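*Asks:* Next comes the structure file run.cif, holding mmCIF, C-alpha atoms and all ligand atoms.
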data_protein
#
loop_
_atom_site.label_atom_id
_atom_site.label_comp_id
_atom_site.auth_asym_id
_atom_site.auth_seq_id
_atom_site.Cartn_x
_atom_site.Cartn_y
_atom_site.Cartn_z
CA LEU W 1 67.09 172.24 166.78
CA THR W 2 70.36 173.32 165.22
CA LEU W 3 72.18 170.79 167.36
CA SER W 4 69.89 167.92 166.44
CA PHE W 5 70.11 168.77 162.74
CA LYS W 6 73.89 168.76 162.92
CA LEU W 7 73.85 165.47 164.75
CA ALA W 8 71.54 163.92 162.18
CA SER W 9 73.86 164.83 159.32
CA ARG W 10 76.83 163.60 161.30
CA GLN W 11 75.10 160.32 162.02
CA TYR W 12 74.59 159.94 158.30
CA ALA W 13 78.30 160.54 157.76
CA ALA W 14 79.01 157.91 160.38
CA VAL W 15 76.77 155.44 158.59
CA LEU W 16 78.49 156.09 155.28
CA LEU W 17 81.84 155.72 156.93
CA ALA W 18 80.81 152.50 158.60
CA ALA W 19 79.61 151.10 155.32
CA LEU W 20 82.86 152.03 153.68
CA ALA W 21 85.37 151.30 156.36
CA GLY W 22 83.75 148.95 158.85
CA ALA W 23 83.07 149.22 162.53
CA ALA W 24 86.59 150.15 163.59
CA ALA W 25 86.65 153.21 161.37
CA ALA W 26 83.15 154.15 162.49
CA ALA W 27 84.17 154.00 166.13
CA PHE W 28 87.08 156.29 165.32
CA SER W 29 84.75 158.65 163.47
CA VAL W 30 82.26 158.76 166.34
CA HIS W 31 85.07 159.50 168.75
CA ALA W 32 86.25 162.35 166.52
CA GLN W 33 82.69 163.73 166.33
CA SER W 34 82.08 163.74 170.05
CA GLN W 35 85.12 165.97 170.41
CA SER W 36 84.39 168.21 167.43
CA GLN W 37 80.74 168.82 168.31
CA LEU W 38 81.55 170.84 171.42
CA GLN W 39 83.98 173.02 169.49
CA PRO W 40 83.16 172.87 165.79
CA GLN W 41 86.22 172.38 163.64
CA PRO W 42 86.64 172.78 159.86
CA SER W 43 86.70 169.01 159.40
CA ALA W 44 87.28 166.07 161.67
CA ALA W 45 90.29 163.87 160.93
CA GLN W 46 89.25 161.02 158.70
CA PRO W 47 90.73 157.56 159.14
CA PRO W 48 92.53 156.30 156.06
CA ALA W 49 90.31 154.36 153.69
CA PRO W 50 90.92 150.63 154.12
CA SER W 51 93.01 149.09 151.39
CA THR W 52 90.95 146.91 149.10
CA ALA W 53 94.08 145.11 147.91
CA SER W 54 93.87 142.52 150.68
CA SER W 55 90.41 141.47 149.53
CA ARG W 56 91.97 140.19 146.30
CA LEU W 57 95.18 138.88 147.85
CA VAL W 58 95.74 135.13 147.90
CA PHE W 59 98.54 133.52 149.85
CA LEU W 60 100.01 130.29 148.45
CA ASP W 61 102.16 127.90 150.43
CA PRO W 62 103.81 125.21 148.27
CA ALA W 63 104.77 122.70 150.96
CA HIS W 64 108.26 121.28 151.46
CA GLY W 65 111.48 122.58 149.92
CA ALA W 66 115.24 122.24 150.23
CA SER W 67 116.25 119.06 152.12
CA ASP W 68 112.57 118.57 153.02
CA THR W 69 111.70 116.90 149.70
CA GLY W 70 108.29 115.51 150.70
CA ALA W 71 107.05 112.31 149.09
CA THR W 72 108.55 110.68 146.03
CA LEU W 73 105.92 110.80 143.29
CA ALA W 74 105.55 109.56 139.73
CA ASP W 75 108.76 109.23 137.71
CA HIS W 76 110.80 109.76 140.88
CA THR W 77 109.63 113.38 141.02
CA GLN W 78 109.93 114.95 144.43
CA GLU W 79 106.83 116.40 146.05
CA LYS W 80 108.58 119.72 146.71
CA ASP W 81 108.91 120.23 142.92
CA VAL W 82 105.31 119.25 142.21
CA THR W 83 103.89 121.61 144.86
CA LEU W 84 105.96 124.41 143.35
CA ALA W 85 104.76 123.59 139.82
CA ILE W 86 101.14 123.65 141.02
CA ALA W 87 101.77 126.96 142.83
CA VAL W 88 103.15 128.53 139.63
CA ARG W 89 100.05 127.43 137.70
CA LEU W 90 97.80 128.66 140.51
CA ARG W 91 99.57 132.01 140.60
CA ASN W 92 99.03 132.48 136.85
CA ALA W 93 95.38 131.39 136.98
CA LEU W 94 94.64 133.59 140.00
CA THR W 95 96.42 136.60 138.51
CA ALA W 96 94.39 136.17 135.32
CA ALA W 97 91.25 136.13 137.51
CA GLY W 98 92.25 139.48 139.05
CA PHE W 99 93.88 138.28 142.27
CA THR W 100 97.25 139.29 143.65
CA VAL W 101 99.35 136.36 144.82
CA ILE W 102 102.03 136.05 147.47
CA ALA W 103 103.81 132.75 148.06
CA THR W 104 106.16 131.37 150.69
CA ARG W 105 108.52 130.36 147.90
CA ASP W 106 108.90 130.80 144.15
CA SER W 107 111.82 128.39 143.84
CA ASP W 108 113.50 125.62 145.80
CA PRO W 109 114.89 127.38 148.91
CA SER W 110 118.39 126.67 150.22
CA ASP W 111 117.00 125.83 153.67
CA PRO W 112 113.71 124.19 154.65
CA ILE W 113 110.92 126.59 155.64
CA THR W 114 109.32 125.73 158.98
CA THR W 115 105.55 125.65 159.40
CA ASP W 116 105.83 128.56 161.86
CA GLN W 117 107.71 130.60 159.26
CA ARG W 118 105.05 129.78 156.70
CA ALA W 119 102.25 130.82 159.07
CA GLU W 120 104.07 134.03 160.00
CA ALA W 121 104.46 134.96 156.34
CA ALA W 122 100.80 134.17 155.66
CA ASN W 123 99.54 136.13 158.67
CA ARG W 124 101.61 139.17 157.73
CA ALA W 125 99.99 139.13 154.27
CA HIS W 126 96.40 139.61 155.61
CA ALA W 127 95.19 137.60 152.64
CA THR W 128 91.60 136.92 151.65
CA ALA W 129 92.51 133.23 151.36
CA CYS W 130 95.50 131.04 152.20
CA ILE W 131 96.11 127.81 150.32
CA VAL W 132 98.62 125.16 151.39
CA ILE W 133 99.66 122.82 148.59
CA HIS W 134 100.71 119.16 148.90
CA ALA W 135 100.85 116.23 146.48
CA THR W 136 100.64 112.48 147.08
CA ASN W 137 100.67 109.09 145.40
CA THR W 138 97.87 107.86 147.64
CA GLY W 139 94.16 108.24 146.95
CA SER W 140 92.52 109.81 143.95
CA GLY W 141 91.63 113.30 142.78
CA VAL W 142 92.06 116.48 144.78
CA HIS W 143 91.95 116.20 148.57
CA VAL W 144 90.69 119.38 150.21
CA TYR W 145 91.33 119.83 153.93
CA THR W 146 90.28 122.44 156.44
CA SER W 147 91.30 122.78 160.10
CA THR W 148 89.83 120.49 162.77
CA LEU W 149 89.45 123.46 165.14
CA GLN W 150 85.95 124.34 166.35
CA PRO W 151 84.74 127.54 164.65
CA LEU W 152 84.84 130.58 166.90
CA TYR W 153 82.13 132.13 164.71
CA PRO W 154 79.70 129.48 163.42
CA GLN W 155 78.44 131.70 160.60
CA PRO W 156 80.83 133.07 157.96
CA ASN W 157 78.83 136.33 158.01
CA ASP W 158 78.62 136.59 161.82
CA PRO W 159 78.33 140.31 162.71
CA ALA W 160 80.82 139.68 165.53
CA TYR W 161 83.44 138.61 163.02
CA PRO W 162 86.63 140.52 163.75
CA ALA W 163 86.95 143.56 161.47
CA ALA W 164 90.67 143.77 162.17
CA PHE W 165 93.39 141.40 163.19
CA VAL W 166 93.36 140.84 166.92
CA PRO W 167 95.83 139.03 169.19
CA THR W 168 95.04 135.33 168.99
CA PRO W 169 96.57 132.18 170.52
CA TRP W 170 99.01 130.84 167.95
CA ASP W 171 97.89 127.21 168.10
CA THR W 172 94.22 128.06 167.54
CA ALA W 173 94.57 131.14 165.34
CA GLN W 174 92.51 129.48 162.60
CA ALA W 175 89.47 129.03 164.88
CA ALA W 176 88.13 132.50 164.06
CA PHE W 177 88.30 131.70 160.35
CA VAL W 178 87.15 128.06 160.24
CA SER W 179 83.59 128.80 159.07
CA ARG W 180 84.92 130.90 156.19
CA SER W 181 87.53 128.24 155.45
CA GLN W 182 84.76 125.67 155.19
CA THR W 183 82.78 127.81 152.74
CA LEU W 184 85.99 128.22 150.74
CA ALA W 185 86.58 124.45 150.68
CA THR W 186 82.96 123.85 149.67
CA ALA W 187 83.26 126.37 146.84
CA PHE W 188 86.44 124.67 145.65
CA ALA W 189 84.87 121.19 145.79
CA SER W 190 81.96 122.34 143.62
CA GLY W 191 84.42 124.09 141.28
CA LEU W 192 86.26 120.80 140.87
CA ALA W 193 82.98 118.97 140.30
CA ASN W 194 82.04 121.50 137.60
CA ALA W 195 85.39 120.76 135.96
CA HIS W 196 84.67 117.01 136.19
CA LEU W 197 87.56 116.47 138.58
CA ALA W 198 87.17 114.09 141.52
CA SER W 199 87.71 115.50 145.00
CA LEU W 200 87.57 114.44 148.60
CA SER W 201 86.87 116.95 151.38
CA GLY W 202 87.79 116.53 155.00
CA ARG W 203 89.30 118.12 158.07
CA ALA W 204 92.85 117.47 159.18
CA PRO W 205 95.15 118.69 161.95
CA LEU W 206 97.60 119.79 159.30
CA ARG W 207 100.16 122.42 160.13
CA PRO W 208 100.32 125.31 159.44
CA LEU W 209 96.52 125.37 158.88
CA ASP W 210 95.68 125.87 162.56
CA ASN W 211 98.06 128.85 162.81
CA LEU W 212 96.65 130.76 159.85
CA MET W 213 94.65 133.94 160.40
CA CYS W 214 92.83 133.79 157.07
CA PRO W 215 90.23 131.58 155.42
CA ALA W 216 92.49 128.64 154.72
CA MET W 217 92.54 125.18 153.19
CA ALA W 218 95.15 122.63 152.24
CA ILE W 219 94.88 120.96 148.88
CA GLU W 220 96.62 117.69 148.17
CA LEU W 221 96.82 116.56 144.60
CA ALA W 222 96.51 112.78 144.17
CA PRO W 223 96.58 110.83 140.90
CA LEU W 224 93.34 111.11 138.95
CA SER W 225 91.80 107.67 138.48
CA ALA W 226 90.19 106.95 135.13
CA PRO W 227 86.96 104.84 134.94
CA GLY W 228 88.61 102.18 132.75
CA GLY W 229 91.67 101.84 134.96
CA GLY W 230 94.93 103.71 134.91
CA ALA W 231 95.45 107.10 136.45
CA THR W 232 96.70 110.54 135.50
CA PRO W 233 99.82 111.24 137.60
CA VAL W 234 100.10 114.41 139.67
CA THR W 235 103.00 115.46 137.45
CA ASP W 236 100.64 115.73 134.46
CA ALA W 237 100.67 119.35 133.26
CA SER W 238 97.10 119.27 131.93
CA TYR W 239 95.74 117.84 135.21
CA GLN W 240 97.61 120.47 137.24
CA GLN W 241 96.29 123.20 134.96
CA GLN W 242 92.68 122.03 135.23
CA VAL W 243 92.95 122.09 139.03
CA ALA W 244 94.52 125.56 138.97
CA THR W 245 91.80 126.92 136.70
CA ALA W 246 89.04 125.36 138.83
CA LEU W 247 90.53 126.87 141.96
CA ALA W 248 90.79 130.35 140.45
CA THR W 249 87.15 130.16 139.31
CA SER W 250 86.04 128.87 142.73
CA LEU W 251 87.91 131.62 144.56
CA SER W 252 86.26 134.29 142.41
CA THR W 253 82.81 132.84 143.13
CA TRP W 254 83.55 132.48 146.84
CA ARG W 255 84.92 136.02 147.03
CA VAL W 256 81.74 137.45 145.48
CA GLN W 257 79.62 135.48 147.98
CA LEU W 258 81.77 136.73 150.86
CA ASP W 259 81.48 140.33 149.61
CA SER W 260 77.69 140.04 149.50
CA THR W 261 77.55 138.69 153.07
CA SER W 262 80.02 141.40 154.11
CA GLY W 263 77.24 143.77 153.08
CA ASN W 264 75.36 142.40 156.10
CA ASP W 265 78.44 143.09 158.20
CA SER W 266 78.44 146.68 156.96
CA GLN W 267 74.78 147.09 157.88
CA ALA W 268 75.46 145.78 161.36
CA ALA W 269 78.49 148.08 161.65
CA ALA W 270 76.38 151.00 160.45
CA GLN W 271 73.73 150.20 163.08
CA ARG W 272 76.40 150.08 165.79
CA ALA W 273 77.73 153.44 164.53
CA ILE W 274 74.23 154.98 164.77
CA THR W 275 73.84 153.67 168.33
CA ALA W 276 77.25 155.05 169.26
CA ALA W 277 76.51 158.39 167.56
CA GLU W 278 73.20 158.66 169.45
CA ALA W 279 74.98 157.96 172.73
CA ALA W 280 77.59 160.60 171.84
CA ALA W 281 74.79 163.05 170.93
CA ARG W 282 73.11 162.51 174.32
CA ALA W 283 76.45 163.09 176.04
CA VAL W 284 76.97 166.32 174.07
CA ALA W 285 73.43 167.49 174.85
CA ARG W 286 74.00 166.82 178.57
CA ALA W 287 77.33 168.68 178.43
CA ARG W 288 75.71 171.67 176.69
CA ALA W 289 72.81 171.73 179.11
CA ALA W 290 75.23 171.62 182.02
CA ALA W 291 77.37 174.38 180.47
CA SER W 292 74.41 176.71 179.82
CA ALA W 293 72.92 175.95 183.21
CA SER W 294 76.12 176.90 185.00
CA ALA W 295 76.28 180.17 183.01
CA ALA W 296 72.66 181.06 183.81
CA GLN W 297 71.06 182.54 186.92
CA PRO W 298 70.28 180.10 189.73
CA ALA W 299 66.52 180.40 189.02
CA THR W 300 67.03 179.60 185.33
CA ARG W 301 69.31 176.71 186.14
CA LYS W 302 66.61 175.27 188.38
CA ALA W 303 64.10 175.59 185.51
CA ALA W 304 66.50 173.92 183.08
CA GLN W 305 66.83 170.95 185.35
ZN ZN L 1 103.42 117.03 151.54
#
Output the structure of this file as structure tokens.
*Replies:*
Amino acid sequence: LTLSFKLASRQYAAVLLAALAGAAAAAFSVHAQSQSQLQPQPSAAQPPAPSTASSRLVFLDPAHGASDTGATLADHTQEKDVTLAIAVRLRNALTAAGFTVIATRDSDPSDPITTDQRAEAANRAHATACIVIHATNTGSGVHVYTSTLQPLYPQPNDPAYPAAFVPTPWDTAQAAFVSRSQTLATAFASGLANAHLASLSGRAPLRPLDNLMCPAMAIELAPLSAPGGGATPVTDASYQQQVATALATSLSTWRVQLDSTSGNDSQAAAQRAITAAEAAARAVARARAAASASAAQPATRKAAQ
């Protein structure tokens, strides 16, 4: 009875831990318990609480730079300068919305940055979202692209969704995140619509999208056509600012939705922790029974079995 009571309270601790720290932490906790139950210790080692910073971290990748100038846009402006200007506005809007922002560049670099280097920087950041920024003279409004890779997890709240970063083939690293990337792109498209900005959503084999281990999309700013003719160029500060504000609002909305579905993930993780704790409890009970049986008289041992 004492044993089962202890186990029940420890299961509860495991559930709390799972809810707080996810399945990986719970597995660690259950492992620690199965050792501590045989020889009670003052307190089992607790895994460090997961940092919540990454859940508000956005990675920006203003495309091009240095000798890689990109397209020539309105007023002979180079694309590399426009993507940087948009990134600066995005950084400010996202920071104001409570996000932390990391970018591949905050100025024009001396050497071009390769797509692999951009993906490496993004994947090191463990960001909640990664946004690649381009600009063009072709088309109209904001083009929003996600990867063409088939989603590894069809549902953005799939319980099997990796709780931690796992080794992944470089060329298809985005596959595990595609469903979340699509919900991000959808949230952004509706954010643009709410701001009365035209957008076009699609999927494109655009590097480094496929290499990114985060919900990711590429945005490409195109001139904004007006109903009566004429168009707002991508260099227009007000247009850039409206897009930046819409994106920050969309990311906040999307993040809240993701957090609420992550609640389902936590429940699933908690259930897995209970199952694991019950298995550990049965193992402990067997070990105790075996230990007391071996210490007892042969007749008693027979009765115990
Ligand atoms: Zn470009």
*Asks:* For Ser147 (chain W), which residue among W:Ser199, W:Asn123, W:Ser179, W:Thr186 is the nearest when counting all atoms listed in the file?
*Replies:*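 Between W:Ser199, W:Asn123, W:Ser179, W:Thr186, the residue approaching Ser147 (chain W) most closely is W:Ser179.
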*Asks:* Within 12 Å of ligand ZN 1 (chain L), which residues of chain W show up? Give each one with its shortest atom-to-atom distance in Å (one decimal) and the two atoms involved, counting only C-alpha atoms and all ligand atoms, rows by chain then rising residue number, as JSON lines.
*Replies:*
{"residue": "W:Asp61", "atom": "CA", "partner": "L:ZN1", "partner_atom": "ZN", "distance": 11.0}
{"residue": "W:Pro62", "atom": "CA", "partner": "L:ZN1", "partner_atom": "ZN", "distance": 8.8}
{"residue": "W:Ala63", "atom": "CA", "partner": "L:ZN1", "partner_atom": "ZN", "distance": 5.9}
{"residue": "W:His64", "atom": "CA", "partner": "L:ZN1", "partner_atom": "ZN", "distance": 6.4}
{"residue": "W:Gly65", "atom": "CA", "partner": "L:ZN1", "partner_atom": "ZN", "distance": 9.9}
{"residue": "W:Asp68", "atom": "CA", "partner": "L:ZN1", "partner_atom": "ZN", "distance": 9.4}
{"residue": "W:Thr69", "atom": "CA", "partner": "L:ZN1", "partner_atom": "ZN", "distance": 8.5}
{"residue": "W:Gly70", "atom": "CA", "partner": "L:ZN1", "partner_atom": "ZN", "distance": 5.2}
{"residue": "W:Ala71", "atom": "CA", "partner": "L:ZN1", "partner_atom": "ZN", "distance": 6.4}
{"residue": "W:Thr72", "atom": "CA", "partner": "L:ZN1", "partner_atom": "ZN", "distance": 9.8}
{"residue": "W:Leu73", "atom": "CA", "partner": "L:ZN1", "partner_atom": "ZN", "distance": 10.6}
{"residue": "W:Gln78", "atom": "CA", "partner": "L:ZN1", "partner_atom": "ZN", "distance": 9.9}
{"residue": "W:Glu79", "atom": "CA", "partner": "L:ZN1", "partner_atom": "ZN", "distance": 6.5}
{"residue": "W:Lys80", "atom": "CA", "partner": "L:ZN1", "partner_atom": "ZN", "distance": 7.6}
{"residue": "W:Asp81", "atom": "CA", "partner": "L:ZN1", "partner_atom": "ZN", "distance": 10.7}
{"residue": "W:Val82", "atom": "CA", "partner": "L:ZN1", "partner_atom": "ZN", "distance": 9.8}
{"residue": "W:Thr83", "atom": "CA", "partner": "L:ZN1", "partner_atom": "ZN", "distance": 8.1}
{"residue": "W:Leu84", "atom": "CA", "partner": "L:ZN1", "partner_atom": "ZN", "distance": 11.3}
{"residue": "W:Thr115", "atom": "CA", "partner": "L:ZN1", "partner_atom": "ZN", "distance": 11.9}
{"residue": "W:Val132", "atom": "CA", "partner": "L:ZN1", "partner_atom": "ZN", "distance": 9.4}
{"residue": "W:Ile133", "atom": "CA", "partner": "L:ZN1", "partner_atom": "ZN", "distance": 7.5}
{"residue": "W:His134", "atom": "CA", "partner": "L:ZN1", "partner_atom": "ZN", "distance": 4.3}
{"residue": "W:Ala135", "atom": "CA", "partner": "L:ZN1", "partner_atom": "ZN", "distance": 5.7}
{"residue": "W:Thr136", "atom": "CA", "partner": "L:ZN1", "partner_atom": "ZN", "distance": 7.0}
{"residue": "W:Asn137", "atom": "CA", "partner": "L:ZN1", "partner_atom": "ZN", "distance": 10.4}
{"residue": "W:Thr138", "atom": "CA", "partner": "L:ZN1", "partner_atom": "ZN", "distance": 11.4}
{"residue": "W:His143", "atom": "CA", "partner": "L:ZN1", "partner_atom": "ZN", "distance": 11.9}
{"residue": "W:Leu206", "atom": "CA", "partner": "L:ZN1", "partner_atom": "ZN", "distance": 10.1}
{"residue": "W:Arg207", "atom": "CA", "partner": "L:ZN1", "partner_atom": "ZN", "distance": 10.7}
{"residue": "W:Pro208", "atom": "CA", "partner": "L:ZN1", "partner_atom": "ZN", "distance": 11.9}
{"residue": "W:Ala218", "atom": "CA", "partner": "L:ZN1", "partner_atom": "ZN", "distance": 10.0}
{"residue": "W:Ile219", "atom": "CA", "partner": "L:ZN1", "partner_atom": "ZN", "distance": 9.8}
{"residue": "W:Glu220", "atom": "CA", "partner": "L:ZN1", "partner_atom": "ZN", "distance": 7.6}
{"residue": "W:Leu221", "atom": "CA", "partner": "L:ZN1", "partner_atom": "ZN", "distance": 9.6}
{"residue": "W:Ala222", "atom": "CA", "partner": "L:ZN1", "partner_atom": "ZN", "distance": 11.0}
*Asks:* Report the distance between CA of Pro205 (chain W) and CA of Leu152 (chain W) in Å, rounded to one decimal place.
*Replies:*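 Answer for the CA of Pro205 (chain W) to CA of Leu152 (chain W) separation: 16.5 Å.
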*Asks:* How many Å separate CA of His196 (chain W) from CA of Pro227 (chain W)?
*Replies:*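 We find that CA of His196 (chain W) and CA of Pro227 (chain W) lie 12.4 Å from each other.
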*Asks:* Ranking W:Leu197, W:Ala121, W:Cys214, W:Leu224 by minimum distance to Ala246 (chain W) and counting all atoms listed in the file, which one comes first?
*Replies:*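 Checking each candidate against Ala246 (chain W), we get W:Leu197 as the closest.
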*Asks:* Using only C-alpha atoms, find the one residue out of W:Ala176, W:Ala96, W:Leu60, W:Val88 that sits nearest to Asn157 (chain W).
*Replies:*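 Closest to Asn157 (chain W) of all the choices is W:Ala176.
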*Asks:* Using only C-alpha atoms for the distances, tell me which of W:Pro156, W:Ala85, W:Leu251, W:Ala195 is nearest to Ala237 (chain W).
*Replies:* W:Ala85
*Asks:* Rank W:Ser252, W:Thr77, W:Thr114, W:Ser292 by their smallest atom-to-atom distance to Pro233 (chain W), using all atoms listed in the file, and report the top residue only.
*Replies:*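 Ranked by minimum distance to Pro233 (chain W), first place goes to W:Thr77.
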*Asks:* Can you work out the spacing between CA of Ala119 (chain W) and CA of Phe59 (chain W) in Å, to one decimal?
*Replies:*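 Spanning CA of Ala119 (chain W) to CA of Phe59 (chain W) is a straight-line distance of 10.3 Å.
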